[in-house]
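Data file: coords19.tsv. Format and content: TSV, C-alpha atoms.
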```tsv
chain	number	residue	atom	x	y	z
A	122	MET	CA	-3.19	132.01	-53.41
A	123	LYS	CA	-5.72	129.24	-53.76
A	124	ILE	CA	-4.92	125.82	-52.35
A	125	LYS	CA	-6.07	123.04	-54.65
A	126	ILE	CA	-7.56	120.13	-52.71
A	127	ASP	CA	-7.53	116.71	-54.32
A	128	VAL	CA	-10.93	115.31	-53.38
A	129	LYS	CA	-9.84	111.74	-54.04
A	130	PHE	CA	-7.10	111.83	-51.41
A	131	LEU	CA	-9.21	113.89	-49.02
A	132	VAL	CA	-11.76	111.04	-49.03
A	133	ILE	CA	-8.93	108.58	-48.31
A	134	ILE	CA	-7.82	110.64	-45.31
A	135	VAL	CA	-11.38	110.86	-43.95
A	136	LEU	CA	-12.06	107.12	-44.39
A	137	LEU	CA	-8.66	106.28	-42.91
A	138	GLY	CA	-9.42	108.47	-39.90
A	139	ILE	CA	-12.83	106.84	-39.37
A	140	ASN	CA	-11.35	103.34	-39.60
A	141	GLY	CA	-8.54	104.35	-37.26
A	142	PHE	CA	-11.09	105.58	-34.71
A	143	ILE	CA	-13.04	102.32	-35.01
A	144	PHE	CA	-9.85	100.29	-34.53
A	145	LEU	CA	-8.90	102.21	-31.38
A	146	TYR	CA	-12.39	101.66	-29.94
A	147	ARG	CA	-12.88	98.18	-31.41
A	148	ASN	CA	-13.93	96.71	-28.03
A	149	ASN	CA	-16.78	99.20	-27.65
A	150	GLY	CA	-19.41	97.31	-29.64
A	151	PHE	CA	-17.48	97.06	-32.93
A	152	ILE	CA	-16.67	93.37	-32.29
A	153	TYR	CA	-19.18	90.88	-33.67
A	154	THR	CA	-21.18	89.07	-31.00
A	155	GLN	CA	-22.91	85.82	-31.78
A	156	TYR	CA	-26.07	85.60	-29.71
A	157	TYR	CA	-27.24	82.20	-28.55
A	158	ILE	CA	-30.73	80.98	-29.28
A	159	ASP	CA	-31.84	78.19	-26.98
A	160	ALA	CA	-32.42	75.11	-29.13
A	161	SER	CA	-35.57	73.69	-27.59
A	162	SER	CA	-35.64	71.03	-30.29
A	163	GLY	CA	-32.33	69.63	-29.03
A	164	CYS	CA	-28.92	69.33	-30.60
A	165	ASP	CA	-27.95	66.94	-33.40
A	166	GLU	CA	-24.55	65.27	-33.77
A	167	SER	CA	-22.98	68.16	-35.70
A	168	CYS	CA	-24.26	70.60	-33.09
A	169	ILE	CA	-22.79	68.48	-30.27
A	170	ARG	CA	-19.43	68.27	-32.09
A	171	LYS	CA	-19.33	72.06	-32.36
A	172	TRP	CA	-19.72	72.53	-28.62
A	173	ILE	CA	-17.37	69.77	-27.46
A	174	LYS	CA	-14.54	70.85	-29.79
A	175	PRO	CA	-12.42	72.18	-26.88
A	176	ASN	CA	-12.36	68.66	-25.43
A	177	SER	CA	-10.31	67.51	-28.40
A	178	ASN	CA	-7.38	69.14	-26.59
A	179	PHE	CA	-7.39	66.30	-24.03
A	180	VAL	CA	-4.70	63.75	-24.90
A	181	GLU	CA	-5.61	60.08	-25.18
A	182	THR	CA	-3.36	58.94	-22.32
A	183	ASP	CA	-5.01	61.44	-19.93
A	184	LEU	CA	-8.47	60.31	-21.00
A	185	ASN	CA	-7.57	56.66	-20.43
A	186	GLU	CA	-6.16	57.48	-16.99
A	187	ALA	CA	-9.27	59.53	-16.12
A	188	HIS	CA	-11.47	56.60	-17.14
A	189	ARG	CA	-9.37	54.26	-15.00
A	190	LEU	CA	-9.77	56.56	-11.97
A	191	LEU	CA	-13.53	56.69	-12.42
A	192	GLN	CA	-13.77	52.93	-12.79
A	193	GLN	CA	-11.57	52.39	-9.75
A	194	ASN	CA	-13.44	54.83	-7.52
A	195	ILE	CA	-17.09	54.76	-8.63
A	196	SER	CA	-17.34	51.80	-11.06
A	197	ILE	CA	-18.43	54.17	-13.80
A	198	ASP	CA	-18.89	51.43	-16.42
A	199	SER	CA	-21.58	49.77	-14.33
A	200	ILE	CA	-23.73	52.94	-14.28
A	201	ALA	CA	-26.35	52.65	-16.98
A	202	SER	CA	-27.74	56.13	-17.66
A	203	ASP	CA	-25.83	59.25	-18.69
A	204	GLU	CA	-27.71	61.25	-16.07
A	205	ASN	CA	-26.50	58.97	-13.27
A	206	LYS	CA	-22.96	59.00	-14.67
A	207	LEU	CA	-22.98	62.80	-14.61
A	208	ILE	CA	-24.20	62.82	-10.99
A	209	ALA	CA	-21.68	60.16	-9.94
A	210	ILE	CA	-18.72	62.04	-11.46
A	211	GLY	CA	-19.75	65.35	-9.90
A	212	ALA	CA	-20.41	63.76	-6.49
A	213	TRP	CA	-17.04	61.94	-6.57
A	214	LEU	CA	-15.16	65.16	-7.37
A	215	GLN	CA	-17.02	66.96	-4.60
A	216	ASP	CA	-16.23	64.20	-2.11
A	217	GLU	CA	-12.58	64.08	-3.22
A	218	LEU	CA	-11.80	67.79	-3.18
A	219	SER	CA	-14.53	69.84	-1.50
A	220	ARG	CA	-12.60	70.13	1.77
A	221	GLN	CA	-9.53	71.46	-0.05
A	222	THR	CA	-8.67	74.81	1.51
A	223	GLY	CA	-5.46	76.76	1.83
A	224	THR	CA	-3.15	78.69	-0.48
A	225	LYS	CA	-4.11	79.49	-4.07
A	226	ASN	CA	-1.49	78.30	-6.54
A	227	ASP	CA	-2.13	79.94	-9.91
A	228	SER	CA	0.64	77.97	-11.60
A	229	ILE	CA	-1.59	74.88	-11.39
A	230	ASN	CA	-4.04	76.54	-13.80
A	231	THR	CA	-1.52	76.14	-16.63
A	232	LEU	CA	-1.36	72.36	-16.19
A	233	PRO	CA	-3.51	69.82	-18.07
A	234	ALA	CA	-6.71	68.90	-16.22
A	235	LEU	CA	-5.46	65.46	-15.10
A	236	GLN	CA	-2.29	66.95	-13.64
A	237	GLN	CA	-4.39	69.55	-11.85
A	238	TYR	CA	-6.36	66.73	-10.22
A	239	TYR	CA	-3.19	64.97	-9.05
A	240	CYS	CA	-1.70	68.24	-7.75
A	241	PHE	CA	-4.74	68.91	-5.59
A	242	LYS	CA	-4.81	65.31	-4.36
A	243	LYS	CA	-1.13	65.38	-3.36
A	244	ASN	CA	-1.11	68.89	-1.90
A	245	SER	CA	-3.94	69.35	0.57
A	246	ASN	CA	-2.80	72.91	1.29
A	247	PHE	CA	-3.58	74.00	-2.29
A	248	SER	CA	-7.06	75.37	-2.90
A	249	PHE	CA	-8.81	75.47	-6.27
A	250	ASP	CA	-11.39	77.64	-8.00
A	251	CYS	CA	-14.35	77.03	-10.29
A	252	GLY	CA	-12.07	77.05	-13.35
A	253	ASN	CA	-10.08	74.08	-12.01
A	254	PHE	CA	-13.30	72.20	-11.32
A	255	GLN	CA	-14.62	72.99	-14.79
A	256	ALA	CA	-11.47	71.62	-16.46
A	257	MET	CA	-11.35	68.46	-14.34
A	258	PHE	CA	-15.07	67.76	-14.75
A	259	SER	CA	-14.80	68.19	-18.55
A	260	LEU	CA	-11.92	65.71	-18.64
A	261	PHE	CA	-13.70	63.04	-16.62
A	262	CYS	CA	-16.95	63.42	-18.58
A	263	THR	CA	-15.10	63.23	-21.90
A	264	SER	CA	-13.31	60.06	-20.74
A	265	VAL	CA	-16.69	58.27	-20.58
A	266	LYS	CA	-18.10	59.84	-23.78
A	267	LEU	CA	-20.40	62.32	-22.02
A	268	PRO	CA	-20.71	65.45	-24.24
A	269	CYS	CA	-19.62	68.31	-22.00
A	270	ARG	CA	-19.31	72.01	-22.82
A	271	ASN	CA	-17.99	75.05	-20.96
A	272	LEU	CA	-19.89	78.14	-19.92
A	273	GLN	CA	-19.27	81.29	-17.92
A	274	ASN	CA	-21.48	83.85	-16.22
A	275	ILE	CA	-20.02	87.34	-16.49
A	276	GLU	CA	-21.45	90.30	-14.62
A	277	LEU	CA	-22.89	93.17	-16.59
A	278	PRO	CA	-20.92	96.41	-16.23
A	279	GLY	CA	-22.12	98.98	-13.72
A	280	ASN	CA	-23.38	96.63	-11.02
A	281	ASN	CA	-22.54	97.50	-7.43
A	282	PRO	CA	-21.33	95.64	-5.48
A	283	PRO	CA	-19.56	93.59	-8.17
A	284	GLY	CA	-20.13	89.84	-8.21
A	285	GLY	CA	-17.34	88.93	-10.65
A	286	SER	CA	-17.81	85.80	-12.74
A	287	HIS	CA	-18.28	82.07	-12.41
A	288	VAL	CA	-17.67	79.08	-14.70
A	289	ALA	CA	-19.53	75.79	-14.84
A	290	ASN	CA	-20.44	73.02	-17.32
A	291	GLU	CA	-23.34	71.66	-19.30
A	292	VAL	CA	-23.70	68.02	-20.31
A	293	TYR	CA	-25.90	66.86	-23.17
A	294	LEU	CA	-28.35	64.21	-21.98
A	295	LYS	CA	-30.00	62.37	-24.87
A	296	ASP	CA	-32.78	61.09	-22.61
A	297	TYR	CA	-33.96	64.69	-22.26
A	298	ASN	CA	-32.68	65.87	-25.67
A	299	LYS	CA	-31.05	68.92	-24.10
A	300	TRP	CA	-27.96	70.43	-22.47
A	301	VAL	CA	-28.27	70.46	-18.68
A	302	LEU	CA	-26.46	72.63	-16.17
A	303	THR	CA	-24.05	70.96	-13.77
A	304	ASP	CA	-22.00	72.98	-11.30
A	305	PRO	CA	-20.03	70.54	-9.11
A	306	TYR	CA	-17.84	73.33	-7.72
A	307	ARG	CA	-20.89	74.71	-5.90
A	308	ASN	CA	-22.32	71.23	-5.32
A	309	HIS	CA	-25.17	71.73	-7.79
A	310	LEU	CA	-24.85	68.40	-9.60
A	311	LEU	CA	-28.22	68.89	-11.30
A	312	ILE	CA	-31.06	71.35	-10.82
A	313	LYS	CA	-34.50	70.01	-11.69
A	314	LYS	CA	-37.95	71.48	-12.10
A	315	LYS	CA	-40.83	68.99	-12.25
A	316	ASN	CA	-38.20	66.24	-12.38
A	317	VAL	CA	-36.61	67.59	-15.57
A	318	PRO	CA	-33.04	68.97	-15.38
A	319	LEU	CA	-32.66	72.64	-16.24
A	320	SER	CA	-30.19	74.00	-18.75
A	321	ALA	CA	-28.05	76.98	-17.78
A	322	ILE	CA	-30.33	79.21	-19.85
A	323	GLU	CA	-33.47	77.85	-18.21
A	324	TYR	CA	-31.94	78.30	-14.76
A	325	LEU	CA	-30.87	81.87	-15.59
A	326	ASP	CA	-34.37	82.65	-16.91
A	327	TYR	CA	-35.88	81.10	-13.76
A	328	ASN	CA	-33.83	83.39	-11.52
A	329	ILE	CA	-34.49	86.48	-13.63
A	330	ALA	CA	-38.24	85.86	-13.52
A	331	ALA	CA	-38.15	84.82	-9.82
A	332	VAL	CA	-41.06	82.47	-10.47
A	333	ALA	CA	-42.60	80.54	-7.61
A	334	ASP	CA	-41.83	76.99	-8.71
A	335	THR	CA	-40.32	74.21	-6.64
A	336	LEU	CA	-36.77	73.20	-7.58
A	337	SER	CA	-34.85	70.05	-6.69
A	338	VAL	CA	-31.08	70.44	-6.33
A	339	ILE	CA	-29.08	67.20	-6.44
A	340	LYS	CA	-26.06	67.44	-4.14
A	341	GLU	CA	-23.28	65.38	-2.58
A	342	SER	CA	-23.01	65.10	1.19
A	343	GLY	CA	-20.71	62.76	3.08
A	344	GLY	CA	-20.16	60.55	0.06
A	345	LYS	CA	-23.89	60.25	-0.63
A	346	VAL	CA	-26.17	61.89	-3.19
A	347	LEU	CA	-29.02	63.90	-1.69
A	348	ILE	CA	-31.90	65.90	-3.13
A	349	ASP	CA	-32.52	69.32	-1.65
A	350	THR	CA	-36.06	70.46	-2.45
A	351	ILE	CA	-36.34	74.24	-2.58
A	352	GLU	CA	-39.93	75.36	-2.02
A	353	PRO	CA	-41.03	78.80	-3.28
A	354	ALA	CA	-40.98	80.16	0.29
A	355	ARG	CA	-37.25	79.31	0.51
A	356	PHE	CA	-36.35	80.70	-2.90
A	357	THR	CA	-33.49	83.19	-3.02
A	358	PRO	CA	-31.92	84.29	-6.33
A	359	ASP	CA	-28.69	82.55	-7.25
A	360	PHE	CA	-25.59	84.69	-6.70
A	361	TYR	CA	-24.32	84.11	-10.25
A	362	PHE	CA	-27.49	83.31	-12.19
A	363	ASN	CA	-29.57	86.48	-12.00
A	364	LYS	CA	-30.47	89.65	-13.90
A	365	ASN	CA	-26.99	91.12	-13.34
A	366	PHE	CA	-25.26	88.40	-15.38
A	367	ILE	CA	-25.07	87.23	-18.98
A	368	LEU	CA	-24.12	83.75	-20.11
A	369	TYR	CA	-21.17	82.91	-22.38
A	370	ILE	CA	-21.02	79.46	-24.00
A	371	TYR	CA	-17.60	78.61	-25.42
A	372	LYS	CA	-16.72	76.92	-28.73
A	373	GLU	CA	-13.01	77.28	-28.00
A	374	THR	CA	-11.05	77.46	-24.75
A	375	ASP	CA	-7.46	77.33	-25.97
A	376	LEU	CA	-6.50	80.98	-25.52
A	377	ARG	CA	-3.28	80.52	-27.48
A	378	GLN	CA	-5.47	79.71	-30.47
A	379	VAL	CA	-8.09	82.36	-29.71
A	380	TYR	CA	-5.57	85.18	-29.42
A	381	SER	CA	-3.31	84.13	-32.28
A	382	ILE	CA	-2.77	86.90	-34.85
A	383	PRO	CA	-4.66	85.14	-37.71
A	384	GLU	CA	-7.69	84.49	-35.47
A	385	LYS	CA	-7.75	88.08	-34.19
A	386	ILE	CA	-7.56	89.42	-37.74
A	387	LYS	CA	-10.35	87.08	-38.87
A	388	ARG	CA	-12.62	88.19	-36.01
A	389	TYR	CA	-11.92	91.85	-36.78
A	390	PHE	CA	-13.13	91.58	-40.38
A	391	LEU	CA	-15.63	88.69	-40.34
A	392	PRO	CA	-18.80	87.90	-38.33
A	393	VAL	CA	-17.29	85.00	-36.37
A	394	SER	CA	-16.93	84.43	-32.63
A	395	TRP	CA	-15.31	81.85	-30.34
A	396	TYR	CA	-18.28	81.98	-27.97
A	397	GLU	CA	-22.00	82.65	-28.04
A	398	VAL	CA	-23.78	84.95	-25.63
A	399	TYR	CA	-27.18	84.56	-24.00
A	400	ALA	CA	-28.29	87.95	-22.73
A	401	PRO	CA	-32.11	88.18	-22.44
A	402	GLN	CA	-31.89	91.40	-20.42
A	403	GLN	CA	-29.94	93.21	-23.17
A	404	LYS	CA	-30.95	94.39	-26.63
A	405	ASN	CA	-29.04	92.20	-29.08
A	406	SER	CA	-27.47	94.19	-31.88
A	407	ASN	CA	-24.41	94.03	-34.13
A	408	LEU	CA	-25.11	97.43	-35.68
A	409	LEU	CA	-21.69	98.89	-34.83
A	410	PHE	CA	-19.93	95.83	-36.27
A	411	HIS	CA	-21.78	96.32	-39.56
A	412	VAL	CA	-20.91	100.05	-39.46
A	413	LYS	CA	-17.26	98.99	-39.19
A	414	GLN	CA	-17.65	96.62	-42.14
A	415	PHE	CA	-19.23	99.42	-44.21
A	416	PHE	CA	-16.33	101.82	-43.64
A	417	LEU	CA	-13.75	99.08	-44.26
A	418	LEU	CA	-15.41	98.25	-47.58
A	419	ALA	CA	-15.75	101.94	-48.42
A	420	PHE	CA	-12.03	102.48	-47.80
A	421	ALA	CA	-11.03	99.41	-49.82
A	422	GLY	CA	-13.42	100.35	-52.63
A	423	TRP	CA	-12.12	103.91	-52.81
A	424	ILE	CA	-8.51	102.71	-52.97
A	425	LEU	CA	-9.42	100.40	-55.86
A	426	PHE	CA	-11.24	103.28	-57.58
A	427	ILE	CA	-8.15	105.52	-57.36
A	428	ILE	CA	-5.88	102.72	-58.63
A	429	PHE	CA	-8.28	102.23	-61.55
A	430	ARG	CA	-8.24	105.96	-62.37
A	431	ILE	CA	-4.45	106.19	-62.17
A	432	THR	CA	-4.09	103.07	-64.35
A	433	ARG	CA	-6.42	104.50	-66.99
A	434	LYS	CA	-4.48	107.75	-67.12
A	435	SER	CA	-1.17	105.95	-67.50
A	436	ILE	CA	-2.56	103.86	-70.38
A	437	ARG	CA	-3.62	107.02	-72.20
```
Could you render the structure from this file as structure tokens?
Amino acid sequence: MKIKIDVKFLVIIVLLGINGFIFLYRNNGFIYTQYYIDASSGCDESCIRKWIKPNSNFVETDLNEAHRLLQQNISIDSIASDENKLIAIGAWLQDELSRQTGTKNDSINTLPALQQYYCFKKNSNFSFDCGNFQAMFSLFCTSVKLPCRNLQNIELPGNNPPGGSHVANEVYLKDYNKWVLTDPYRNHLLIKKKNVPLSAIEYLDYNIAAVADTLSVIKESGGKVLIDTIEPARFTPDFYFNKNFILYIYKETDLRQVYSIPEKIKRYFLPVSWYEVYAPQQKNSNLLFHVKQFFLLAFAGWILFIIFRITRKSIR
């Protein structure tokens, strides 16, 4: 007895199986990655708005209180340049909290940035991490209209021993027409080469290349701002900015929004991302994402074709 195989439905089963496989392994390259291209020509107002969008989550009362604290402690309104404001805010946070050691309290991470600051001030036995510093620094910068964005260095898989990840900030300085790296958690308020602040990308490239150039690291020490000049003979690669790490720059930090069902569905089907990646030591490719799109369209097209055929037969 011969078994009659309906080719139309066999194709559906094959395409459904392929799409099912892709869905199960969707994190293995099938997700679209937006790769960052360093904008050497600067960033216009629309570009700045894109990167500071997460700061719109700060409420007005918290921003006003943050501004009041800065004015009370470092007279922020009397500081003329954005560069010096950035340094003053980072140095103040370092001086306020750098000696904070003790028990980690993860529940603090769920609080708004201003409340995190007050918790650490009132509880000297609570210690913080780079994520707390990133949130607080973003709040205080935003309160004085300094464009501030969030970035993270994540270690490439397969490195041994693992280095984990680290988060920091970049501030857009119009005097230099560029985003500049600031990492107050590690007391790197600014890193300069030939008196020009480096962006996170430039600093990562510098460490990957291990070039013999003098760097100046602006730091806080005992309530004062100091410049530590690193000569080539003293150069050692940064623990987090080196060939083992890639850089993520975030357009959105509200994870409730990022992982909402509509956003997850949108990112599955469309070439959109809530961050951009700078990975000079990797080959940038979205080939697998486009393979996924092809099979999704093929499946949808075949279903429409079958519906069309069935409809035509019923009309006859």
key: Top pick for closest residue to A:Phe144, considering A:Phe261, A:Phe366, A:Phe247, A:Phe390 and counting only C-alpha atoms   = A:Phe390
key: 12 Å contact set for A:Thr357, only C-alpha atoms, chain neighbours under 4 positions out, as a list in words   =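 The residues that qualify are Tyr327, Asn328, Ile329, Ala330, Ala331, Val332, Ala333, Asp334, Thr335, Leu336, Ile351, Glu352, Pro353, Tyr361, Phe362 and Asn363 of chain A.
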10 Å contact set for stretch 263-268 of chain A, all atoms listed in the file, chain neighbours under 4 positions out, as a PDB file with C-alpha atoms, keeping the file's coordinate frame:
```pdb
ATOM      1  CA  ILE A 169     -22.790  68.480 -30.270  1.00  0.00           C
ATOM      2  CA  ARG A 170     -19.430  68.270 -32.090  1.00  0.00           C
ATOM      3  CA  TRP A 172     -19.720  72.530 -28.620  1.00  0.00           C
ATOM      4  CA  ILE A 173     -17.370  69.770 -27.460  1.00  0.00           C
ATOM      5  CA  LYS A 174     -14.540  70.850 -29.790  1.00  0.00           C
ATOM      6  CA  ASN A 176     -12.360  68.660 -25.430  1.00  0.00           C
ATOM      7  CA  SER A 177     -10.310  67.510 -28.400  1.00  0.00           C
ATOM      8  CA  PHE A 179      -7.390  66.300 -24.030  1.00  0.00           C
ATOM      9  CA  GLU A 181      -5.610  60.080 -25.180  1.00  0.00           C
ATOM     10  CA  ASP A 183      -5.010  61.440 -19.930  1.00  0.00           C
ATOM     11  CA  LEU A 184      -8.470  60.310 -21.000  1.00  0.00           C
ATOM     12  CA  ASN A 185      -7.570  56.660 -20.430  1.00  0.00           C
ATOM     13  CA  GLU A 186      -6.160  57.480 -16.990  1.00  0.00           C
ATOM     14  CA  ALA A 187      -9.270  59.530 -16.120  1.00  0.00           C
ATOM     15  CA  HIS A 188     -11.470  56.600 -17.140  1.00  0.00           C
ATOM     16  CA  ARG A 189      -9.370  54.260 -15.000  1.00  0.00           C
ATOM     17  CA  LEU A 191     -13.530  56.690 -12.420  1.00  0.00           C
ATOM     18  CA  GLN A 192     -13.770  52.930 -12.790  1.00  0.00           C
ATOM     19  CA  ILE A 197     -18.430  54.170 -13.800  1.00  0.00           C
ATOM     20  CA  ASP A 198     -18.890  51.430 -16.420  1.00  0.00           C
ATOM     21  CA  ASP A 203     -25.830  59.250 -18.690  1.00  0.00           C
ATOM     22  CA  GLU A 204     -27.710  61.250 -16.070  1.00  0.00           C
ATOM     23  CA  LYS A 206     -22.960  59.000 -14.670  1.00  0.00           C
ATOM     24  CA  LEU A 207     -22.980  62.800 -14.610  1.00  0.00           C
ATOM     25  CA  MET A 257     -11.350  68.460 -14.340  1.00  0.00           C
ATOM     26  CA  PHE A 258     -15.070  67.760 -14.750  1.00  0.00           C
ATOM     27  CA  SER A 259     -14.800  68.190 -18.550  1.00  0.00           C
ATOM     28  CA  GLU A 291     -23.340  71.660 -19.300  1.00  0.00           C
ATOM     29  CA  VAL A 292     -23.700  68.020 -20.310  1.00  0.00           C
ATOM     30  CA  TYR A 293     -25.900  66.860 -23.170  1.00  0.00           C
ATOM     31  CA  LEU A 294     -28.350  64.210 -21.980  1.00  0.00           C
ATOM     32  CA  LYS A 295     -30.000  62.370 -24.870  1.00  0.00           C
ATOM     33  CA  TRP A 300     -27.960  70.430 -22.470  1.00  0.00           C
TER      34      TRP A 300
END
```
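What separates atom CA of A:Trp395 from atom CA of A:Tyr380 is a distance of 10.3 Å.
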task = Find the distance between atom CA of A:Gln414 and atom CA of A:Leu137 and write it in Å to one decimal.
result =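 Result for atom CA of A:Gln414 versus atom CA of A:Leu137: 13.2 Å, one decimal.
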key: Close residues, stretch 339-345 of chain A itself excluded, 12 Å, all atoms listed in the file, min 2 positions apart in chain, as JSON, numbers by chain   = {"A": [194, 195, 204, 205, 207, 208, 209, 210, 211, 212, 213, 214, 215, 216, 217, 218, 219, 220, 302, 303, 304, 305, 306, 307, 308, 309, 310, 311, 312, 313, 314, 316, 317, 318, 319, 336, 337, 347, 348, 349, 350, 351]}
Write a file of the selected residues as a PDB file, in the frame of the given file, keeping C-alpha atoms.
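File written: again.pdb
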```pdb
ATOM      1  CA  ASN A 194     -13.440  54.830  -7.520  1.00  0.00           C
ATOM      2  CA  ILE A 195     -17.090  54.760  -8.630  1.00  0.00           C
ATOM      3  CA  GLU A 204     -27.710  61.250 -16.070  1.00  0.00           C
ATOM      4  CA  ASN A 205     -26.500  58.970 -13.270  1.00  0.00           C
ATOM      5  CA  LEU A 207     -22.980  62.800 -14.610  1.00  0.00           C
ATOM      6  CA  ILE A 208     -24.200  62.820 -10.990  1.00  0.00           C
ATOM      7  CA  ALA A 209     -21.680  60.160  -9.940  1.00  0.00           C
ATOM      8  CA  ILE A 210     -18.720  62.040 -11.460  1.00  0.00           C
ATOM      9  CA  GLY A 211     -19.750  65.350  -9.900  1.00  0.00           C
ATOM     10  CA  ALA A 212     -20.410  63.760  -6.490  1.00  0.00           C
ATOM     11  CA  TRP A 213     -17.040  61.940  -6.570  1.00  0.00           C
ATOM     12  CA  LEU A 214     -15.160  65.160  -7.370  1.00  0.00           C
ATOM     13  CA  GLN A 215     -17.020  66.960  -4.600  1.00  0.00           C
ATOM     14  CA  ASP A 216     -16.230  64.200  -2.110  1.00  0.00           C
ATOM     15  CA  GLU A 217     -12.580  64.080  -3.220  1.00  0.00           C
ATOM     16  CA  LEU A 218     -11.800  67.790  -3.180  1.00  0.00           C
ATOM     17  CA  SER A 219     -14.530  69.840  -1.500  1.00  0.00           C
ATOM     18  CA  ARG A 220     -12.600  70.130   1.770  1.00  0.00           C
ATOM     19  CA  LEU A 302     -26.460  72.630 -16.170  1.00  0.00           C
ATOM     20  CA  THR A 303     -24.050  70.960 -13.770  1.00  0.00           C
ATOM     21  CA  ASP A 304     -22.000  72.980 -11.300  1.00  0.00           C
ATOM     22  CA  PRO A 305     -20.030  70.540  -9.110  1.00  0.00           C
ATOM     23  CA  TYR A 306     -17.840  73.330  -7.720  1.00  0.00           C
ATOM     24  CA  ARG A 307     -20.890  74.710  -5.900  1.00  0.00           C
ATOM     25  CA  ASN A 308     -22.320  71.230  -5.320  1.00  0.00           C
ATOM     26  CA  HIS A 309     -25.170  71.730  -7.790  1.00  0.00           C
ATOM     27  CA  LEU A 310     -24.850  68.400  -9.600  1.00  0.00           C
ATOM     28  CA  LEU A 311     -28.220  68.890 -11.300  1.00  0.00           C
ATOM     29  CA  ILE A 312     -31.060  71.350 -10.820  1.00  0.00           C
ATOM     30  CA  LYS A 313     -34.500  70.010 -11.690  1.00  0.00           C
ATOM     31  CA  LYS A 314     -37.950  71.480 -12.100  1.00  0.00           C
ATOM     32  CA  ASN A 316     -38.200  66.240 -12.380  1.00  0.00           C
ATOM     33  CA  VAL A 317     -36.610  67.590 -15.570  1.00  0.00           C
ATOM     34  CA  PRO A 318     -33.040  68.970 -15.380  1.00  0.00           C
ATOM     35  CA  LEU A 319     -32.660  72.640 -16.240  1.00  0.00           C
ATOM     36  CA  LEU A 336     -36.770  73.200  -7.580  1.00  0.00           C
ATOM     37  CA  SER A 337     -34.850  70.050  -6.690  1.00  0.00           C
ATOM     38  CA  LEU A 347     -29.020  63.900  -1.690  1.00  0.00           C
ATOM     39  CA  ILE A 348     -31.900  65.900  -3.130  1.00  0.00           C
ATOM     40  CA  ASP A 349     -32.520  69.320  -1.650  1.00  0.00           C
ATOM     41  CA  THR A 350     -36.060  70.460  -2.450  1.00  0.00           C
ATOM     42  CA  ILE A 351     -36.340  74.240  -2.580  1.00  0.00           C
TER      43      ILE A 351
END
```
